[in-house]
Amino acid sequence: MCGIVGYAGSVGNAKDIIIDGLKRLEYRGYDSSGVALICNGKLEVRKRVGRIANLEELIKGETFDSKVGIGHTRWATHGAPSDANSHPHTSPDGSIAVVHNGIIENYVELKEWLIKEHGITFRSEVDTEVIVHLISVFFEGNLEDAVFKAIAMLRGAFSIGVVCKNDPDKVIGFRRNAPMIAGIGKGCNFIASDIPAILKHVREIYLIENNEMVVITKDDIKIYDMDRNEMHRDIFHVTWDAESAEKGGYEHFMLKEIHEQPKGLYDTLHRRLDENDMIKLDGINLTKEHLENFNKIYIVACGTAYHAGLVGKFTIEKMAHIPVEVEVASEFRYRDPFVDDKTLFIAVSQSGETSDTLEALREAKRKGARVLSVVNVVGSSVARESDDVFYTWAGPEIAVASTKAYTTQLMSMYIIALYMGITKGTIDKAYYEEFIKDLKAIPEKAKAALATEPSLQVFARELYKNEHVFFIGRGPDAGVSYEGSLKLKEISYINSFAIAAGELKHGTIALIEKDTVVVALATQDKLYEKMLSNIQEVKARGAYVIGLAKEGNDKIEKQADKVIYIPECRDELTPLLSVIPLQILAYYIAKERGCDIDKPKNLAKSVTVE
Ligand code: M6R
């Protein structure tokens, strides 16, 4: 959460480059933004509550002759969004500025110490302010020294960017359990929280490791560990095209990313198939012996990634014959779960930076589990700390509401399950081949599922005023219901609730009354009749039912008020298709309600705090 950009260079104006970078990081937080620029020996700081557009409005008309600076877009943790709490924060004499992503856990004691021992007056409520005061207290002419001394006193997970008018050619970054990269330009260099911020300018980056300082000037990048040893780092080449992080003619990133799903599904599958359609898990060392050793699998994740795990459980258990538990990361890490060296821990994360998932992974590793991660962002923390990594090929996902990351995570689950089954011998070759054939048909079928868009637009116009929506389903459909419900609530602010359809009658059905909207997923052939009965139950209480079924299964039309069809496919694979109309429905309902779809209130794309 929060986005940082730092620039040192002779190419262009630091203000424009930093603001452009911040706009591309706005998905990380958008409560306020600010910049600190070194201009002709002075440090100019401008910051404003609200979107980056507010900051642009504030500084329009001002010209800053600047080649070095830092910027920040905030997702508030300590202190409400306000001008005073916005970053950058500055030292009392206005010579040093700091931007920060993360949390300083011991800021209260540091604040007391700074007040008592150094007579500092605090001007904001944010934890970040202690960092700049510490640096200023320790500054004796060398900024690196002062930052190292300050860092040594900080506890928590954070990354920072620092500039100082008395050391005016450099930007210092530091990373501890919050993302940071350095971009290698020609006559300019960058630091940033994520690649899209600087992709327009550079395609070669260094991945900064935990507890490392990075110092950029226009001609140089140096990386140091905490003992101040200079570190060598291989260059990482970014393979995305710059357009994949742009809206490409769509009104919102979310809609664009929904439409990118056929490609993401195709890429995720085909990158893992050899010319004989056998799964090749390059970079993953899970042998038959390893798989036979596991007596338990945990899939641990948050939000949408957790929902992908709920569906993955069905296929992995079925194919690998190993019991699978799926758990939200924030619960897993604090309940002392039973994990040992016979446990496979699968972490699922789009960003690879989600703090809860990362900490759960570390806990599992400490207890001896082998860690396989399913991650979208290459080189992210989750990927780096795992024994084996399965990368999804969704491409950059910018909208806060996750769409293509989910379907590519699902695709990964099927591939992992098939690999386990064929390697262990718990599925046979004929079953494997049939399943692969069906998987290969999915990208085209996903295109067909996208064709529901015009009718869903019409439904959205009819439904957008409802304040409560229920999602029900059975088996894998229950998992997809959770995801459909999350999509709707996070972008439209409608109170939506998902429940396994059979569980409805044990309490929740009390909430169903005349015209309550119920979205009923009925894509599982063997559960179809049961779902029709569940639809009857809610219809009997007056519900307005939108059914979702496979083409050809049209008995549902007798019970539901509206029906959405997805292409025919085997039961196990319907989640790859059924979620698409639910994403589209959520999108158009949010649009009808005038919501800020790519940046929903109170949320951020990458949740790097607990
Ligand atoms: O980056 P991650 O996949 O680890 O993120 C996990 C959740 O924060 C994320 O899926 C969140 O629930 C999305 N906003 C849902 O659309």
# chains A, B, ... in the order shown; residues from 1 in each chain; ligands from 1
>>> residues_near_ligand(ligand="ligand 1", cutoff="10 Å", atoms="only C-alpha atoms and all ligand atoms", output="ChimeraX atom specification")
/A:254,300-308,328-329,347-358,374-377,382,397,399-403,405-406,409,483-484,486-491,583,599-600,603-608
>>> residues_around(residues="segment 389-395 of chain A", least_positions_apart="5", cutoff="9 Å", atoms="only C-alpha atoms", output="ChimeraX atom specification")
/A:240,244-245,257,260-261,263-269,271,281-284,350,371-378,382-384,404-409,411-412,416
>>> closest_residue(among="A:Ile160, A:Leu521, A:Val11, A:Ala150", to="Pro88 of chain A", atoms="only C-alpha atoms")
A:Ile160
>>> residues_around(residues="His87 of chain A", least_positions_apart="4", cutoff="7 Å", atoms="only C-alpha atoms", output="list of chain:residue names")
A:Ser33, A:Gly34, A:Lys47, A:His72, A:Val99
>>> write_last_selection(atoms="C-alpha atoms", output="PDB file, in the first residue's frame")
ATOM      1  CA  SER A  33      -0.293  12.548  -2.690  1.00  0.00           C
ATOM      2  CA  GLY A  34       2.759  14.772  -2.670  1.00  0.00           C
ATOM      3  CA  LYS A  47       1.129  17.804  -0.987  1.00  0.00           C
ATOM      4  CA  HIS A  72       4.116   9.517  -2.799  1.00  0.00           C
ATOM      5  CA  VAL A  99       8.143   9.313   1.780  1.00  0.00           C
TER       6      VAL A  99
END
>>> residues_around(residues="segment 469-474 of chain A", least_positions_apart="2", cutoff="6 Å", atoms="only C-alpha atoms", output="list in words")
Asp477, Ala478, Ser481, Ser496, Phe497, Ala498, Ile499, Ala500, Ala501, Val517, Val518, Val519, Ala520 and Leu521 of chain A
>>> closest_residue(among="A:Val238, A:Val35, A:Ala146, A:Met153", to="Ser66 of chain A", atoms="only C-alpha atoms")
A:Val35
>>> select_by_dssp(residues="segment 454-509 of chain A", states="helix (DSSP H, G or I)", output="ChimeraX atom specification")
/A:454-463,476-492,501-506,508-509
>>> closest_residue(among="A:Asp277, A:Pro581, A:Ile556, A:Pro323", to="Lys440 of chain A", atoms="only C-alpha atoms")
A:Asp277
>>> atom_distance(atom1="atom CA of Lys288 of chain A", atom2="atom CA of Ala430 of chain A")
19.3 Å
>>> residues_around(residues="segment 457-462 of chain A", least_positions_apart="5", cutoff="9 Å", atoms="only C-alpha atoms", output="ChimeraX atom specification")
/A:452,562,584-592
>>> write_last_selection(atoms="N, CA and C atoms", output="compact mmCIF listing (two decimals), in the first residue's frame")
# COMPACT_ATOMS: atom_id res chain seq x y z
N THR A 452 -21.48 -12.23 -23.06
CA THR A 452 -22.66 -11.95 -22.23
C THR A 452 -22.74 -10.45 -21.87
N LYS A 562 -34.17 -14.46 -14.60
CA LYS A 562 -33.26 -14.20 -15.73
C LYS A 562 -32.22 -15.31 -15.71
N ILE A 584 -18.43 -8.97 -14.93
CA ILE A 584 -19.03 -7.95 -15.82
C ILE A 584 -20.25 -7.31 -15.15
N LEU A 585 -21.06 -8.15 -14.50
CA LEU A 585 -22.25 -7.63 -13.82
C LEU A 585 -21.84 -6.62 -12.73
N ALA A 586 -20.85 -7.01 -11.93
CA ALA A 586 -20.37 -6.11 -10.87
C ALA A 586 -19.89 -4.79 -11.49
N TYR A 587 -19.15 -4.91 -12.58
CA TYR A 587 -18.60 -3.71 -13.24
C TYR A 587 -19.73 -2.77 -13.66
N TYR A 588 -20.74 -3.30 -14.35
CA TYR A 588 -21.78 -2.39 -14.88
C TYR A 588 -22.70 -1.88 -13.77
N ILE A 589 -22.92 -2.68 -12.73
CA ILE A 589 -23.71 -2.16 -11.61
C ILE A 589 -22.96 -0.99 -10.96
N ALA A 590 -21.65 -1.18 -10.75
CA ALA A 590 -20.84 -0.09 -10.14
C ALA A 590 -20.86 1.14 -11.04
N LYS A 591 -20.83 0.90 -12.34
CA LYS A 591 -20.84 2.03 -13.28
C LYS A 591 -22.16 2.78 -13.19
N GLU A 592 -23.27 2.02 -13.16
CA GLU A 592 -24.59 2.67 -13.03
C GLU A 592 -24.67 3.49 -11.74
>>> residues_around(residues="Arg370 of chain A", least_positions_apart="6", cutoff="8 Å", atoms="only C-alpha atoms", output="ChimeraX atom specification")
/A:341,343-345,364,387
>>> residues_around(residues="Val609 of chain A", least_positions_apart="4", cutoff="12 Å", atoms="only C-alpha atoms", output="list in words")
Met1, Cys2, Arg28, Trp75, Ala76, Thr77, His78, Asn101, Gly102, Ile103, Ile104, Glu105, Gly156, Ala157, Phe158, Ser159, Asn177, Ala178, Pro179, Ser330, Glu353, Thr354, Ser355, Asp356, Thr357, Leu358, Glu359, Ala604 and Lys605 of chain A
>>> closest_residue(among="A:Val126, A:Val108, A:Ala441, A:Val171", to="Ala84 of chain A", atoms="only C-alpha atoms")
A:Val126
>>> atom_distance(atom1="atom CA of Arg272 of chain A", atom2="atom CA of Val480 of chain A")
24.6 Å
>>> closest_residue(among="A:Ile442, A:Cys595, A:Cys569, A:Ala192", to="Ile4 of chain A", atoms="only C-alpha atoms")
A:Ala192
>>> closest_residue(among="A:Val563, A:Ile184, A:Leu110, A:Cys39", to="Asp219 of chain A", atoms="only C-alpha atoms")
A:Ile184
>>> select_by_dssp(residues="segment 161-408 of chain A", states="strand (DSSP E)", output="ChimeraX atom specification")
/A:161-164,171-176,181-184,188-192,204-207,212-216,221-224,236-237,296-301,324-328,343-349,370-375,388-391
>>> decode(residues="segment 140-166 of chain A", atoms="N, CA, C and O atoms", output="CSV table (one decimal), in the first residue's frame")
chain,number,residue,atom,x,y,z
A,140,GLU,N,25.0,14.5,9.6
A,140,GLU,CA,26.2,15.3,9.8
A,140,GLU,C,26.9,15.6,8.5
A,140,GLU,O,28.2,15.6,8.5
A,141,GLY,N,26.2,15.6,7.4
A,141,GLY,CA,26.9,15.9,6.2
A,141,GLY,C,26.8,14.7,5.2
A,141,GLY,O,26.9,14.9,4.0
A,142,ASN,N,26.5,13.5,5.7
A,142,ASN,CA,26.4,12.3,4.8
A,142,ASN,C,25.0,11.7,5.0
A,142,ASN,O,24.7,11.1,6.0
A,143,LEU,N,24.3,11.7,3.9
A,143,LEU,CA,22.9,11.3,4.0
A,143,LEU,C,22.8,9.8,4.3
A,143,LEU,O,21.9,9.3,5.1
A,144,GLU,N,23.6,9.0,3.6
A,144,GLU,CA,23.6,7.5,3.8
A,144,GLU,C,23.8,7.2,5.3
A,144,GLU,O,23.1,6.4,5.8
A,145,ASP,N,24.8,7.8,5.9
A,145,ASP,CA,25.1,7.6,7.3
A,145,ASP,C,23.8,7.8,8.2
A,145,ASP,O,23.5,7.0,9.0
A,146,ALA,N,23.2,9.0,7.9
A,146,ALA,CA,22.1,9.4,8.8
A,146,ALA,C,20.9,8.4,8.5
A,146,ALA,O,20.2,8.0,9.5
A,147,VAL,N,20.7,8.0,7.3
A,147,VAL,CA,19.6,7.0,7.0
A,147,VAL,C,19.9,5.7,7.7
A,147,VAL,O,19.0,5.1,8.3
A,148,PHE,N,21.1,5.2,7.6
A,148,PHE,CA,21.4,3.9,8.2
A,148,PHE,C,21.2,4.0,9.7
A,148,PHE,O,20.6,3.1,10.3
A,149,LYS,N,21.6,5.1,10.3
A,149,LYS,CA,21.4,5.2,11.8
A,149,LYS,C,19.9,5.3,12.2
A,149,LYS,O,19.5,4.7,13.1
A,150,ALA,N,19.2,6.0,11.3
A,150,ALA,CA,17.7,6.1,11.6
A,150,ALA,C,17.1,4.7,11.4
A,150,ALA,O,16.3,4.2,12.3
A,151,ILE,N,17.4,4.0,10.4
A,151,ILE,CA,16.8,2.7,10.1
A,151,ILE,C,17.1,1.7,11.2
A,151,ILE,O,16.2,0.9,11.6
A,152,ALA,N,18.3,1.8,11.8
A,152,ALA,CA,18.7,0.9,12.9
A,152,ALA,C,17.7,1.0,14.1
A,152,ALA,O,17.6,0.1,14.9
A,153,MET,N,17.0,2.1,14.2
A,153,MET,CA,16.1,2.3,15.3
A,153,MET,C,14.6,1.9,15.0
A,153,MET,O,13.8,1.9,15.9
A,154,LEU,N,14.4,1.6,13.7
A,154,LEU,CA,13.0,1.4,13.3
A,154,LEU,C,12.6,-0.1,13.4
A,154,LEU,O,13.3,-0.9,12.9
A,155,ARG,N,11.3,-0.3,13.8
A,155,ARG,CA,10.8,-1.7,13.8
A,155,ARG,C,9.5,-1.6,12.9
A,155,ARG,O,8.8,-0.6,12.8
A,156,GLY,N,9.3,-2.7,12.1
A,156,GLY,CA,8.1,-2.7,11.3
A,156,GLY,C,8.5,-3.1,9.9
A,156,GLY,O,9.6,-3.6,9.6
A,157,ALA,N,7.5,-3.0,9.0
A,157,ALA,CA,7.7,-3.4,7.6
A,157,ALA,C,7.5,-2.1,6.8
A,157,ALA,O,6.5,-1.4,6.9
A,158,PHE,N,8.5,-1.7,6.0
A,158,PHE,CA,8.4,-0.4,5.4
A,158,PHE,C,9.4,-0.3,4.2
A,158,PHE,O,10.4,-1.0,4.1
A,159,SER,N,9.1,0.6,3.3
A,159,SER,CA,10.1,1.1,2.4
A,159,SER,C,10.1,2.6,2.4
A,159,SER,O,9.0,3.2,2.7
A,160,ILE,N,11.2,3.3,2.1
A,160,ILE,CA,11.2,4.7,2.2
A,160,ILE,C,12.0,5.3,1.0
A,160,ILE,O,12.8,4.6,0.4
A,161,GLY,N,11.7,6.6,0.8
A,161,GLY,CA,12.5,7.4,-0.2
A,161,GLY,C,12.9,8.6,0.5
A,161,GLY,O,12.1,9.2,1.3
A,162,VAL,N,14.2,9.1,0.3
A,162,VAL,CA,14.7,10.3,1.1
A,162,VAL,C,15.4,11.2,0.1
A,162,VAL,O,16.2,10.7,-0.7
A,163,VAL,N,15.2,12.5,0.2
A,163,VAL,CA,16.1,13.5,-0.4
A,163,VAL,C,16.5,14.5,0.6
A,163,VAL,O,15.8,14.7,1.6
A,164,CYS,N,17.6,15.2,0.3
A,164,CYS,CA,18.2,16.2,1.2
A,164,CYS,C,18.8,17.3,0.4
A,164,CYS,O,19.6,17.0,-0.5
A,165,LYS,N,18.4,18.5,0.7
A,165,LYS,CA,18.9,19.6,-0.1
A,165,LYS,C,20.4,19.9,0.1
A,165,LYS,O,21.1,20.5,-0.7
A,166,ASN,N,21.0,19.3,1.2
A,166,ASN,CA,22.4,19.5,1.5
A,166,ASN,C,23.2,18.3,0.9
A,166,ASN,O,24.4,18.3,1.1
